[in-house]
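Shown here: input-v5.cif, mmCIF, C-alpha atoms.
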```
data_query
loop_
_atom_site.group_PDB
_atom_site.id
_atom_site.type_symbol
_atom_site.label_atom_id
_atom_site.label_comp_id
_atom_site.auth_asym_id
_atom_site.auth_seq_id
_atom_site.Cartn_x
_atom_site.Cartn_y
_atom_site.Cartn_z
ATOM 1 C CA GLN O 1 89.521 102.625 93.429
ATOM 2 C CA VAL O 2 92.281 101.665 95.846
ATOM 3 C CA GLN O 3 95.738 101.071 94.423
ATOM 4 C CA LEU O 4 99.026 100.199 96.106
ATOM 5 C CA VAL O 5 102.350 100.819 94.399
ATOM 6 C CA GLU O 6 105.511 99.358 95.891
ATOM 7 C CA SER O 7 109.083 100.412 95.274
ATOM 8 C CA GLY O 8 112.519 100.021 96.788
ATOM 9 C CA GLY O 9 113.320 96.418 96.040
ATOM 10 C CA GLY O 10 116.597 95.338 94.539
ATOM 11 C CA LEU O 11 119.786 93.378 94.980
ATOM 12 C CA VAL O 12 121.793 93.761 98.178
ATOM 13 C CA GLN O 13 124.593 91.855 99.864
ATOM 14 C CA ALA O 14 123.994 89.962 103.069
ATOM 15 C CA GLY O 15 124.180 92.298 106.032
ATOM 16 C CA GLY O 16 122.926 95.223 104.001
ATOM 17 C CA SER O 17 119.728 97.236 104.206
ATOM 18 C CA LEU O 18 116.810 98.169 101.997
ATOM 19 C CA ARG O 19 113.717 100.256 102.535
ATOM 20 C CA LEU O 20 110.545 99.298 100.749
ATOM 21 C CA SER O 21 107.838 101.862 100.137
ATOM 22 C CA CYS O 22 104.168 101.401 99.389
ATOM 23 C CA THR O 23 102.118 104.399 98.338
ATOM 24 C CA ALA O 24 98.360 104.137 98.391
ATOM 25 C CA SER O 25 95.799 105.980 96.325
ATOM 26 C CA GLY O 26 92.044 106.002 96.666
ATOM 27 C CA THR O 27 92.056 105.723 100.444
ATOM 28 C CA ARG O 28 93.834 106.990 103.548
ATOM 29 C CA ILE O 29 96.228 104.434 104.982
ATOM 30 C CA SER O 30 95.979 106.030 108.423
ATOM 31 C CA ILE O 31 92.519 104.540 108.959
ATOM 32 C CA ARG O 32 93.385 101.032 107.828
ATOM 33 C CA SER O 33 95.646 98.216 108.890
ATOM 34 C CA THR O 34 98.679 97.760 106.652
ATOM 35 C CA GLY O 35 101.045 94.886 106.174
ATOM 36 C CA TRP O 36 103.949 93.433 104.291
ATOM 37 C CA HIS O 37 104.003 89.863 103.047
ATOM 38 C CA ARG O 38 106.664 87.964 101.155
ATOM 39 C CA GLN O 39 106.853 84.876 99.009
ATOM 40 C CA ALA O 40 110.000 83.042 98.071
ATOM 41 C CA PRO O 41 110.131 80.568 95.174
ATOM 42 C CA GLY O 42 108.642 77.244 96.190
ATOM 43 C CA LYS O 43 107.521 78.544 99.584
ATOM 44 C CA GLN O 44 104.241 79.670 101.058
ATOM 45 C CA ARG O 45 103.484 83.324 101.370
ATOM 46 C CA GLU O 46 104.480 84.705 104.753
ATOM 47 C CA LEU O 47 103.118 87.670 106.683
ATOM 48 C CA VAL O 48 106.192 89.658 107.660
ATOM 49 C CA ALA O 49 104.902 92.741 109.450
ATOM 50 C CA VAL O 50 101.652 94.431 110.412
ATOM 51 C CA LEU O 51 100.875 98.000 111.431
ATOM 52 C CA THR O 52 97.372 98.626 112.704
ATOM 53 C CA SER O 53 95.399 101.848 112.421
ATOM 54 C CA ASP O 54 96.118 102.497 116.108
ATOM 55 C CA ASP O 55 99.868 102.063 115.565
ATOM 56 C CA MET O 56 100.313 98.577 116.971
ATOM 57 C CA THR O 57 102.982 96.504 115.231
ATOM 58 C CA ASN O 58 103.593 92.801 114.916
ATOM 59 C CA TYR O 59 106.400 90.918 113.199
ATOM 60 C CA ALA O 60 107.179 87.416 112.095
ATOM 61 C CA ASP O 61 109.765 85.789 114.336
ATOM 62 C CA SER O 62 112.091 85.492 111.358
ATOM 63 C CA VAL O 63 112.408 89.292 111.023
ATOM 64 C CA LYS O 64 112.000 90.565 114.577
ATOM 65 C CA GLY O 65 114.724 93.003 115.514
ATOM 66 C CA ARG O 66 115.752 93.460 111.876
ATOM 67 C CA PHE O 67 112.658 94.827 110.087
ATOM 68 C CA THR O 68 110.562 97.851 111.000
ATOM 69 C CA ILE O 69 107.191 98.793 109.569
ATOM 70 C CA SER O 70 106.158 102.438 109.678
ATOM 71 C CA ARG O 71 103.786 104.877 108.079
ATOM 72 C CA ASP O 72 103.861 108.456 106.839
ATOM 73 C CA ASN O 73 100.279 109.633 106.795
ATOM 74 C CA ALA O 74 101.108 112.863 104.972
ATOM 75 C CA LYS O 75 102.600 110.865 102.099
ATOM 76 C CA ASN O 76 99.989 108.110 102.403
ATOM 77 C CA THR O 77 102.880 105.666 102.352
ATOM 78 C CA VAL O 78 103.870 102.663 104.427
ATOM 79 C CA TYR O 79 107.488 101.551 104.685
ATOM 80 C CA LEU O 80 109.391 98.412 105.529
ATOM 81 C CA GLN O 81 112.916 99.124 106.702
ATOM 82 C CA MET O 82 114.960 95.946 106.386
ATOM 83 C CA ASN O 83 118.335 95.729 108.099
ATOM 84 C CA SER O 84 120.866 92.933 108.532
ATOM 85 C CA LEU O 85 119.456 91.216 105.482
ATOM 86 C CA LYS O 86 120.061 87.515 104.988
ATOM 87 C CA PRO O 87 119.920 85.374 101.830
ATOM 88 C CA GLU O 88 116.772 83.745 103.228
ATOM 89 C CA ASP O 89 115.036 87.140 103.061
ATOM 90 C CA THR O 90 115.089 86.839 99.275
ATOM 91 C CA ALA O 91 111.488 86.981 98.062
ATOM 92 C CA VAL O 92 108.863 89.058 96.338
ATOM 93 C CA TYR O 93 107.496 91.487 98.911
ATOM 94 C CA TYR O 94 103.877 92.607 98.789
ATOM 95 C CA CYS O 95 102.232 95.529 100.491
ATOM 96 C CA THR O 96 98.714 94.924 101.773
ATOM 97 C CA LEU O 97 95.949 97.089 103.134
ATOM 98 C CA ASP O 98 92.809 96.536 105.171
ATOM 99 C CA ARG O 99 92.899 93.270 107.071
ATOM 100 C CA ARG O 100 89.603 91.467 107.499
ATOM 101 C CA ASN O 101 88.665 88.118 109.054
ATOM 102 C CA ASP O 102 89.027 86.355 105.719
ATOM 103 C CA GLY O 103 92.236 88.044 104.662
ATOM 104 C CA TRP O 104 93.648 91.267 103.282
ATOM 105 C CA ILE O 105 91.528 93.242 100.866
ATOM 106 C CA TYR O 106 94.086 95.172 98.824
ATOM 107 C CA TRP O 107 97.444 93.992 97.473
ATOM 108 C CA GLY O 108 100.282 95.697 95.679
ATOM 109 C CA GLN O 109 101.970 94.236 92.631
ATOM 110 C CA GLY O 110 105.050 93.117 94.545
ATOM 111 C CA THR O 111 108.690 94.107 94.516
ATOM 112 C CA GLN O 112 111.639 91.722 94.286
ATOM 113 C CA VAL O 113 114.237 91.653 97.032
ATOM 114 C CA THR O 114 117.359 89.577 96.418
ATOM 115 C CA VAL O 115 120.023 89.142 99.076
ATOM 116 C CA SER O 116 123.314 87.680 97.916
ATOM 117 C CA SER O 117 125.641 85.768 100.210
#
```
Written as structure tokens, how would this file's structure read?
Amino acid sequence: QVQLVESGGGLVQAGGSLRLSCTASGTRISIRSTGWHRQAPGKQRELVAVLTSDDMTNYADSVKGRFTISRDNAKNTVYLQMNSLKPEDTAVYYCTLDRRNDGWIYWGQGTQVTVSS
């Protein structure tokens, strides 16, 4: 059974940084695509960053240059380093694993990120 557990969310002032972590169990993240999504109140869920199994990355325009997705295969953990945070980055952030044509297969429980102005 695959499980994803996120951590690292919290409250930070605008301009600050946070690093989210997502540790997987039941599978090796190195052989799967991984991603981070976010959803703010009243808004649609947004794909923020993707890291493929062959180490290709892709980012939403809204976070390019500020967020970095990475992976530690030994720890079976994927990270989202978030710098220069803005109030509009406030959302629940979800880790996802294994992207298919009809969507992502596995989702974490989400972690709240709040950026104050």
Residues returned when the PyMOL selection byres ((chain O and resi 62) around 12) runs on this file, as number ranges by chain: O: 38, 46-49, 58-61, 63-67, 82, 84-86, 88-89
List the residues sitting within 10 Å of (107.6, 99.0, 101.9) in the file's frame, using only C-alpha atoms, as an mmCIF file with C-alpha atoms, in the coordinates of the input.
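result31.cif written:
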```cif
data_model
loop_
_atom_site.group_PDB
_atom_site.id
_atom_site.type_symbol
_atom_site.label_atom_id
_atom_site.label_comp_id
_atom_site.auth_asym_id
_atom_site.auth_seq_id
_atom_site.Cartn_x
_atom_site.Cartn_y
_atom_site.Cartn_z
ATOM 1 C CA VAL O 5 102.350 100.819 94.399
ATOM 2 C CA GLU O 6 105.511 99.358 95.891
ATOM 3 C CA SER O 7 109.083 100.412 95.274
ATOM 4 C CA GLY O 8 112.519 100.021 96.788
ATOM 5 C CA GLY O 9 113.320 96.418 96.040
ATOM 6 C CA LEU O 18 116.810 98.169 101.997
ATOM 7 C CA ARG O 19 113.717 100.256 102.535
ATOM 8 C CA LEU O 20 110.545 99.298 100.749
ATOM 9 C CA SER O 21 107.838 101.862 100.137
ATOM 10 C CA CYS O 22 104.168 101.401 99.389
ATOM 11 C CA THR O 23 102.118 104.399 98.338
ATOM 12 C CA GLY O 35 101.045 94.886 106.174
ATOM 13 C CA TRP O 36 103.949 93.433 104.291
ATOM 14 C CA HIS O 37 104.003 89.863 103.047
ATOM 15 C CA THR O 68 110.562 97.851 111.000
ATOM 16 C CA ILE O 69 107.191 98.793 109.569
ATOM 17 C CA SER O 70 106.158 102.438 109.678
ATOM 18 C CA ARG O 71 103.786 104.877 108.079
ATOM 19 C CA THR O 77 102.880 105.666 102.352
ATOM 20 C CA VAL O 78 103.870 102.663 104.427
ATOM 21 C CA TYR O 79 107.488 101.551 104.685
ATOM 22 C CA LEU O 80 109.391 98.412 105.529
ATOM 23 C CA GLN O 81 112.916 99.124 106.702
ATOM 24 C CA MET O 82 114.960 95.946 106.386
ATOM 25 C CA TYR O 93 107.496 91.487 98.911
ATOM 26 C CA TYR O 94 103.877 92.607 98.789
ATOM 27 C CA CYS O 95 102.232 95.529 100.491
ATOM 28 C CA THR O 96 98.714 94.924 101.773
ATOM 29 C CA GLY O 110 105.050 93.117 94.545
ATOM 30 C CA THR O 111 108.690 94.107 94.516
#
```
Result set of the PyMOL selection byres ((chain O and resi 24) around 6) on the coordinates above, as a count of residues only: 5
Residue nearest Ala40 (chain O) among O:Val2, O:Val92, O:Val115, O:Val12 (counting all atoms listed in the file):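 Closest to Ala40 (chain O), using all atoms listed in the file: O:Val92.
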Residues within 8 Å of (90.6, 97.9, 106.5), file coords, only C-alpha atoms, listed as a ChimeraX atom specification: /O:31-33,97-100,104-105
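Atom pair CA of Pro87 (chain O) / CA of Tyr106 (chain O) has a distance of 27.8 Å (rounded to one decimal).
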Give, as AutoDock Vina command-line options, the centre coordinates and the x, y and z edge lengths in Å to one decimal for an axis-aligned box around all listed atoms of region 60-68 of chain O, padded by 6 Å on each side.
```
--center_x 111.5 --center_y 91.7 --center_z 112.8 --size_x 20.6 --size_y 24.4 --size_z 17.4
```
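CA of Val113 (chain O) is found 10.6 Å from CA of Ser17 (chain O).
Among the candidate residues O:Ala14, O:Ile29, O:Ala91, O:Ala74, the one lying nearest to Asp54 (chain O) is O:Ile29, with distances computed using all atoms listed in the file.
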d(CA of Val50 (chain O), CA of Gly26 (chain O)) in Å: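 These atoms are spaced 20.4 Å apart.
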